[in-house]
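Asks: Input protein-v9.cif, format and content: mmCIF, C-alpha atoms and all ligand atoms.
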```
data_coords
#
loop_
_atom_site.label_atom_id
_atom_site.label_comp_id
_atom_site.auth_asym_id
_atom_site.auth_seq_id
_atom_site.Cartn_x
_atom_site.Cartn_y
_atom_site.Cartn_z
CA MET A 285 8.67 15.50 -17.46
CA TRP A 286 7.94 15.89 -13.80
CA ILE A 287 7.35 18.86 -11.55
CA TYR A 288 8.58 18.42 -8.01
CA GLU A 289 6.81 19.82 -4.99
CA LYS A 290 9.07 20.07 -1.99
CA LYS A 291 6.68 18.52 0.50
CA LEU A 292 5.44 15.07 1.36
CA GLN A 293 2.13 13.74 0.04
CA TYR A 294 1.08 13.13 3.65
CA PRO A 295 2.85 14.33 6.80
CA VAL A 296 5.19 11.73 8.32
CA ARG A 297 5.34 11.63 12.11
CA VAL A 298 7.22 9.13 14.21
CA SER A 299 6.69 9.21 17.97
CA THR A 300 9.06 6.58 19.37
CA CYS A 301 12.77 5.91 18.86
CA ASN A 302 12.40 2.38 17.58
CA PRO A 303 14.89 1.53 14.79
CA LYS A 304 13.34 -1.93 14.55
CA LEU A 305 10.39 -0.37 12.74
CA ALA A 306 12.83 0.90 10.11
CA LYS A 307 13.85 -2.68 9.46
CA TYR A 308 10.23 -3.56 8.72
CA LEU A 309 9.54 -0.43 6.68
CA ILE A 310 12.46 -1.04 4.32
CA GLU A 311 10.30 -3.84 2.84
CA GLN A 312 8.16 -1.14 1.25
CA TYR A 313 11.29 0.71 0.08
CA GLY A 314 13.25 -1.96 -1.78
CA GLY A 315 11.05 -5.04 -1.51
CA ALA A 316 9.23 -6.95 -4.26
CA ASP A 317 5.91 -5.24 -3.59
CA GLY A 318 7.39 -1.95 -2.42
CA GLU A 319 6.96 1.55 -3.71
CA LEU A 320 10.08 1.53 -5.92
CA ALA A 321 8.95 -1.64 -7.69
CA ALA A 322 5.47 -0.14 -8.09
CA ALA A 323 6.69 3.13 -9.62
CA LEU A 324 9.10 1.42 -12.03
CA ARG A 325 6.49 -1.17 -13.03
CA TYR A 326 3.73 1.29 -13.92
CA LEU A 327 5.85 3.99 -15.53
CA ASN A 328 7.53 1.40 -17.76
CA GLN A 329 4.27 -0.19 -18.92
CA ARG A 330 3.00 3.08 -20.36
CA TYR A 331 4.68 2.62 -23.73
CA THR A 332 2.98 -0.60 -24.70
CA ILE A 333 -0.59 -0.18 -23.49
CA PRO A 334 -3.67 1.35 -25.18
CA ASP A 335 -3.78 5.16 -25.02
CA LYS A 336 -6.87 5.20 -22.83
CA VAL A 337 -5.01 3.93 -19.77
CA ILE A 338 -1.56 5.53 -20.21
CA GLY A 339 -2.59 8.54 -18.14
CA LEU A 340 -3.62 6.29 -15.27
CA LEU A 341 -0.23 4.57 -15.27
CA THR A 342 1.51 7.96 -15.26
CA ASP A 343 -0.62 9.20 -12.37
CA ILE A 344 -0.25 6.14 -10.19
CA GLY A 345 3.43 5.58 -11.08
CA THR A 346 4.14 9.16 -10.07
CA GLU A 347 2.20 8.82 -6.82
CA GLU A 348 4.26 5.73 -5.95
CA LEU A 349 7.39 7.90 -6.07
CA ALA A 350 5.71 10.20 -3.56
CA HIS A 351 5.03 7.15 -1.38
CA LEU A 352 8.66 6.06 -1.72
CA GLU A 353 9.65 9.45 -0.37
CA MET A 354 7.33 9.03 2.63
CA ILE A 355 8.80 5.61 3.44
CA ALA A 356 12.31 7.03 3.11
CA THR A 357 11.42 9.81 5.54
CA MET A 358 10.06 7.29 8.05
CA VAL A 359 13.19 5.13 7.86
CA TYR A 360 15.45 8.18 8.10
CA LYS A 361 13.65 9.53 11.19
CA LEU A 362 13.81 6.14 12.89
CA THR A 363 17.54 5.63 12.29
CA LYS A 364 19.27 9.01 12.06
CA ASP A 365 19.92 9.36 15.80
CA ALA A 366 20.21 5.70 16.69
CA THR A 367 23.52 4.58 18.15
CA PRO A 368 25.35 1.59 16.64
CA GLU A 369 24.31 -0.23 19.80
CA GLN A 370 20.62 0.52 19.21
CA LEU A 371 20.92 -0.47 15.56
CA LYS A 372 22.46 -3.73 16.66
CA GLU A 373 19.58 -4.39 19.03
CA ALA A 374 17.16 -3.68 16.19
CA GLY A 375 18.85 -6.27 13.99
CA LEU A 376 20.32 -3.58 11.75
CA ASP A 377 23.96 -4.34 12.57
CA ALA A 378 24.63 -5.92 9.18
CA HIS A 379 23.03 -2.93 7.48
CA TYR A 380 25.15 -0.55 9.55
CA VAL A 381 28.37 -2.34 8.67
CA ASP A 382 27.66 -1.97 4.96
CA HIS A 383 25.81 1.36 4.80
CA ASP A 384 26.11 3.24 8.10
CA ARG A 385 22.70 4.93 8.35
CA ALA A 386 22.26 5.33 4.61
CA LEU A 387 19.08 3.98 3.09
CA PHE A 388 19.46 1.19 0.62
CA TYR A 389 17.06 -0.52 -1.77
CA HIS A 390 16.64 -3.89 -0.13
CA ASN A 391 13.84 -5.74 1.59
CA ALA A 392 13.26 -6.41 5.29
CA ALA A 393 15.49 -9.50 5.05
CA GLY A 394 18.33 -7.52 3.43
CA VAL A 395 17.88 -8.90 -0.10
CA PRO A 396 18.86 -6.16 -2.59
CA PHE A 397 16.31 -4.80 -5.04
CA THR A 398 16.16 -6.50 -8.42
CA ALA A 399 14.36 -5.71 -11.69
CA THR A 400 13.02 -9.27 -11.64
CA TYR A 401 10.47 -8.04 -9.07
CA ILE A 402 8.59 -6.43 -11.94
CA GLN A 403 7.33 -7.72 -15.25
CA ALA A 404 6.45 -6.14 -18.58
CA LYS A 405 4.70 -8.73 -20.71
CA GLY A 406 3.44 -6.29 -23.33
CA ASP A 407 -0.02 -7.81 -23.14
CA PRO A 408 -2.32 -5.09 -21.72
CA ILE A 409 -4.64 -7.36 -19.73
CA THR A 410 -1.74 -9.38 -18.34
CA ASP A 411 0.13 -6.26 -17.26
CA LEU A 412 -2.94 -4.71 -15.62
CA TYR A 413 -3.66 -7.89 -13.69
CA GLU A 414 -0.08 -7.81 -12.42
CA ASP A 415 -0.69 -4.23 -11.32
CA ILE A 416 -3.88 -5.18 -9.46
CA ALA A 417 -2.03 -8.00 -7.70
CA ALA A 418 0.86 -5.68 -6.85
CA GLU A 419 -1.51 -3.20 -5.21
CA GLU A 420 -3.21 -5.88 -3.13
CA LYS A 421 0.20 -7.23 -2.09
CA ALA A 422 1.28 -3.74 -1.04
CA ARG A 423 -1.99 -3.33 0.91
CA ALA A 424 -1.33 -6.62 2.71
CA THR A 425 2.29 -5.63 3.46
CA TYR A 426 1.09 -2.41 5.08
CA GLN A 427 -1.29 -4.47 7.24
CA TRP A 428 1.53 -6.72 8.41
CA ILE A 429 3.74 -3.70 9.22
CA ILE A 430 0.87 -2.02 11.12
CA ASN A 431 0.41 -5.28 13.05
CA MET A 432 4.08 -5.16 14.11
CA SER A 433 4.14 -1.46 14.99
CA ASP A 434 3.05 0.13 18.27
CA ASP A 435 3.79 3.67 17.06
CA PRO A 436 0.41 5.41 16.56
CA ASP A 437 1.83 8.32 14.55
CA LEU A 438 3.76 6.06 12.21
CA ASN A 439 0.69 3.86 11.78
CA ASP A 440 -1.35 6.92 10.85
CA GLY A 441 0.93 7.48 7.84
CA LEU A 442 0.93 3.76 6.99
CA ARG A 443 -2.87 3.75 7.10
CA PHE A 444 -2.95 6.55 4.56
CA LEU A 445 -0.57 4.63 2.27
CA ARG A 446 -2.64 1.46 2.62
CA GLU A 447 -5.82 3.33 1.67
CA ARG A 448 -4.09 4.60 -1.46
CA GLU A 449 -3.30 1.00 -2.45
CA ILE A 450 -7.01 0.19 -2.23
CA ILE A 451 -7.77 3.11 -4.55
CA HIS A 452 -4.99 2.14 -6.98
CA ALA A 453 -6.28 -1.42 -7.22
CA GLN A 454 -9.77 -0.02 -7.87
CA ARG A 455 -8.49 2.18 -10.71
CA PHE A 456 -6.52 -0.68 -12.30
CA ARG A 457 -9.69 -2.80 -12.17
CA GLU A 458 -11.52 0.00 -13.96
CA ALA A 459 -8.71 0.12 -16.54
CA VAL A 460 -9.37 -3.56 -17.28
CA GLU A 461 -13.06 -2.75 -17.72
CA ILE A 462 -12.16 0.06 -20.15
CA LEU A 463 -10.01 -2.29 -22.25
CA LYS A 464 -12.76 -4.97 -22.25
CA GLU A 465 -15.34 -2.46 -23.46
CA GLU A 466 -16.56 -3.27 -26.96
CA ARG A 467 -15.67 -0.78 -29.65
CA ASP A 468 -18.31 1.76 -30.68
CA ARG A 469 -20.59 0.72 -27.85
CA LYS A 470 -21.73 3.88 -26.16
CA LYS A 471 -22.00 3.90 -22.43
CA PHE A 472 -23.91 6.63 -20.67
CA PHE A 473 -23.87 7.50 -17.02
CA MET B 96 -24.11 -6.62 8.57
CA PHE B 97 -21.57 -6.14 5.80
CA THR B 98 -17.91 -6.10 6.80
CA THR B 99 -14.63 -6.10 4.88
CA ARG B 100 -13.15 -8.39 7.55
CA LYS B 101 -13.73 -12.08 6.92
CA GLN B 102 -13.04 -15.08 9.12
CA TYR B 103 -12.43 -18.79 8.74
CA GLU B 104 -11.70 -21.62 11.12
CA PRO B 105 -8.71 -23.70 10.07
CA TYR B 106 -8.32 -27.36 10.96
CA ILE B 107 -6.81 -27.84 14.41
CA SER B 108 -4.76 -30.97 14.94
CA PRO B 109 -4.57 -32.58 18.39
CA PHE B 110 -0.79 -32.67 17.89
CA ASP B 111 -0.09 -29.01 17.04
CA PRO B 112 2.98 -27.70 18.90
CA CYS B 113 1.64 -24.16 19.54
CA PRO B 114 -1.66 -23.09 21.11
CA PRO B 115 -4.01 -22.94 18.12
CA ILE B 116 -5.36 -19.76 16.58
CA ARG B 117 -8.91 -20.98 16.07
CA VAL B 118 -10.18 -18.11 13.97
CA LYS B 119 -8.14 -16.56 11.16
CA THR B 120 -9.09 -13.26 9.55
CA TYR B 121 -8.48 -11.63 6.21
CA VAL B 122 -9.51 -8.46 4.43
CA THR B 123 -11.74 -8.07 1.39
CA ALA B 124 -11.28 -4.36 0.64
CA PRO B 125 -14.17 -2.35 -0.86
CA ASN B 126 -12.52 -2.40 -4.30
CA GLN B 127 -13.62 -6.05 -4.54
CA TYR B 128 -17.29 -5.07 -4.72
CA VAL B 129 -17.70 -1.90 -6.75
CA GLY B 130 -16.69 -2.72 -10.33
CA PHE B 131 -16.52 0.43 -12.45
CA GLN B 132 -17.18 3.28 -10.04
CA PRO B 133 -20.72 4.61 -10.60
CA PRO B 134 -21.25 8.40 -10.81
CA ASN B 135 -22.41 10.67 -7.98
CA LEU B 136 -21.20 8.63 -5.03
CA PRO B 137 -21.03 10.36 -1.62
CA GLN B 138 -17.77 12.22 -0.92
CA PHE B 139 -15.84 13.28 2.15
CA PRO B 140 -15.29 17.01 2.68
CA LEU B 141 -11.99 17.92 0.97
CA HIS B 142 -9.94 18.37 4.14
CA GLU B 143 -11.04 15.03 5.46
CA ALA B 144 -10.44 13.34 2.12
CA LEU B 145 -6.80 14.48 2.13
CA LYS B 146 -6.33 12.89 5.56
CA LYS B 147 -8.19 9.69 4.83
CA GLY B 148 -6.53 8.97 1.50
CA THR B 149 -9.72 8.91 -0.54
CA LEU B 150 -12.45 11.29 -1.62
CA TRP B 151 -14.99 8.48 -1.81
CA LYS B 152 -16.72 7.20 1.30
CA ILE B 153 -17.39 3.83 -0.27
CA PHE B 154 -13.64 3.09 -0.59
CA TYR B 155 -12.59 4.15 2.91
CA ASP B 156 -11.54 1.08 4.88
CA PRO B 157 -8.96 1.93 7.59
CA TYR B 158 -6.84 -0.77 9.20
CA TYR B 159 -5.69 -0.74 12.83
CA GLY B 160 -3.10 -2.97 14.45
CA PRO B 161 -3.33 -4.93 17.69
CA TYR B 162 -1.45 -2.16 19.56
CA GLU B 163 -3.95 0.49 18.60
CA MET B 164 -7.32 1.30 20.08
CA LYS B 165 -10.10 1.15 17.56
CA ARG B 166 -11.27 4.62 16.85
CA LYS B 167 -14.96 5.38 17.03
CA GLY B 168 -16.71 5.32 13.71
CA ASP B 169 -13.92 3.41 11.96
CA GLN B 170 -14.44 -0.19 11.12
CA GLN B 171 -11.97 -2.94 11.86
FE FE C 501 0.03 1.80 -5.10
#
```
Go ahead and express the file in the form of structure tokens.
Replies:
Amino acid sequence: MWIYEKKLQYPVRVSTCNPKLAKYLIEQYGGADGELAAALRYLNQRYTIPDKVIGLLTDIGTEELAHLEMIATMVYKLTKDATPEQLKEAGLDAHYVDHDRALFYHNAAGVPFTATYIQAKGDPITDLYEDIAAEEKARATYQWIINMSDDPDLNDGLRFLREREIIHAQRFREAVEILKEERDRKKFF
Amino acid sequence: MFTTRKQYEPYISPFDPCPPIRVKTYVTAPNQYVGFQPPNLPQFPLHEALKKGTLWKIFYDPYYGPYEMKRKGDQQ
């Protein structure tokens, strides 16, 4: 069960009317290493992993949904008042023809989301290594979007999201360490 | 001095069509170095932590793009 708080995890501000940035951001909405893929991947793995790390997958999977909501807000703000002409200039004409200004789960190149972006091998170490890789890929994607964006307010939100990916990768690495830990060996801090 | 920004110099051919980028950079985020997080690490004040995206100073590694001015005290 989830409890919903009607606010964003981090405030989203966009300072320039630049629908082109929406085209880049949609990568983190419906792309292979985006927030939707992340949430679905982690939440689904919870059923076939040792108890000790289920809570971590719940926490991070839930946070990814909060990130998805931030990305959606960014895309919405960047496109809601754009004219068809502006969308065309931004390379979003094909999107407009199919969806108007509705968001859709596809990547920056318009490829629709697919479940094949995620894996569930059922082997705990394998799945956690996929999670670590996914976090580093998301971190890199945020860097490439920040490199393309000249909107300081938008970048502020993207920087927050990128920092969270660093933390997630750290926690998944710790989860691997927990599963490697030998049974009955006491560890004191 | 330690930095999470690394560089390498790729091979440059005399016949490359574009002006070469002589130095390429990549990031090795702090999570590559810590292993299992040890106890009692320094923290940010709570308000700052919420803005920065982490409570732990050791993991804070902000990234700025070419259009942004580097902010004082942040590493690039
Ligand atoms: Fe993440």
Asks: For chain B, report every residue with an atom at most 10 Å from chain A (counting all atoms listed in the file), formatted as an MDAnalysis selection string.
Replies: chainID B and resid 121:135 145:151 154:164
Asks: Would you compute the distance between CA of Pro105 (chain B) and CA of Lys421 (chain A)? Give it in Å to one decimal.
Replies: 22.3 Å
Asks: At a cut-off of 8 Å, using only C-alpha atoms, what residues contact Asp317 (chain A)? Leave out same-chain residues fewer than 2 positions from it and give the result as a PyMOL selection string.
Replies: chain A and resi 311-312+315+319+321-322+401+418-419+421-422+425
Asks: Calculated over all atoms listed in the file, which of the candidates A:Asp384, A:Asp415, A:Asp335, A:Glu369 has the smallest distance to ligand FE 501 (chain C)?
Replies: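 Residue with the minimum atom-to-atom distance to ligand FE 501 (chain C): A:Asp415.
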Asks: Which residues come within 6 Å of Tyr326 (chain A), counting only C-alpha atoms, excluding same-chain residues fewer than 2 positions away, as a compact mmCIF listing (two decimals) with C-alpha atoms, in the coordinates of the input?
Replies:
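Below is the file that was written, result.txt:
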```txt
# COMPACT_ATOMS: atom_id res chain seq x y z
CA ALA A 323 6.69 3.13 -9.62
CA LEU A 324 9.10 1.42 -12.03
CA ASN A 328 7.53 1.40 -17.76
CA GLN A 329 4.27 -0.19 -18.92
CA LEU A 341 -0.23 4.57 -15.27
CA GLY A 345 3.43 5.58 -11.08
```
Asks: List the residues sitting within 12 Å of (-19.5, 14.6, -0.6) in the file's frame, using all atoms listed in the file, as an NGL selection string.
Replies: :B and (135-144 or 149-153)
Asks: Calculate, to one decimal in Å, the centre and edge lengths of the box along x, y and z of the file that holds all listed atoms of region 137-143 of chain B with 4 Å of margin on each side, and present them as lines of an AutoDock Vina configuration file.
Replies:
```
center_x = -15.5
center_y = 14.4
center_z = 1.9
size_x = 19.1
size_y = 16.0
size_z = 15.1
```
Asks: Kindly give the distance, in Å, that separates CA of Met354 (chain A) and CA of Leu309 (chain A), rounded to a single decimal.
Replies: 10.5 Å
Asks: Go ahead and compute the interatomic distance for CA of Lys119 (chain B) and CA of Met96 (chain B), in Å to one decimal.
Replies: 19.0 Å
Asks: Here is a test: counting all atoms listed in the file, which residue of A:Asp343, A:Leu292, A:Phe388, A:Leu305 is nearest to ligand FE 501 (chain C)?
Replies: A:Asp343
Asks: Just the residues within 12 Å of Glu373 (chain A), please, counting only C-alpha atoms, with nothing from its chain fewer than 4 positions along; format it as a short mmCIF file (atom, residue, chain, number, x, y, z; two decimals) with C-alpha atoms, in the frame of the given file.
Replies:
```cif
data_model
loop_
_atom_site.label_atom_id
_atom_site.label_comp_id
_atom_site.auth_asym_id
_atom_site.auth_seq_id
_atom_site.Cartn_x
_atom_site.Cartn_y
_atom_site.Cartn_z
CA ASN A 302 12.40 2.38 17.58
CA PRO A 303 14.89 1.53 14.79
CA LYS A 304 13.34 -1.93 14.55
CA LEU A 305 10.39 -0.37 12.74
CA LYS A 307 13.85 -2.68 9.46
CA ALA A 366 20.21 5.70 16.69
CA THR A 367 23.52 4.58 18.15
CA PRO A 368 25.35 1.59 16.64
CA GLU A 369 24.31 -0.23 19.80
CA ASP A 377 23.96 -4.34 12.57
CA ALA A 378 24.63 -5.92 9.18
CA TYR A 380 25.15 -0.55 9.55
#
```
Asks: Given the choices A:Ile416, A:Ile287, A:Leu327, A:Ala306, which gets closest to ligand FE 501 (chain C) if the distance is worked out from only C-alpha atoms and all ligand atoms?
Replies: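 Distance minimum relative to ligand FE 501 (chain C) lands on A:Ile416.
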Asks: Quick one: of A:Arg330, A:Lys290, A:His351, A:Lys336, who's nearest to ligand FE 501 (chain C), counting all atoms listed in the file?
Replies: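 That would be A:His351, the residue with the smallest distance to ligand FE 501 (chain C).
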Asks: Show which residues sit within 10 Å of Ile107 (chain B), as number ranges by chain. Count only C-alpha atoms, and ignore same-chain residues fewer than 6 positions away.
Replies: B: 114-117
Asks: From the list A:Leu340, A:Ile409, A:Leu463, A:Ala392, which residue is nearest ligand FE 501 (chain C) when using all atoms listed in the file?
Replies: A:Leu340
Asks: Of the residues A:Lys405, A:Lys372, A:His383, A:Arg325, which is the one nearest to ligand FE 501 (chain C), using all atoms listed in the file?
Replies: A:Arg325
Asks: Compile the contact shell of Ile310 (chain A) as a PyMOL selection string: residues with an atom at most 10 Å away, counting only C-alpha atoms, same-chain residues fewer than 5 positions apart removed.
Replies: chain A and resi 305+315+318+355-356+358-359+387-394
Asks: Counting all atoms listed in the file, find residues at most 6 Å from (5.3, 6.2, 17.0) (file frame) and give them as a ChimeraX atom specification.
Replies: /A:298-300,435-438
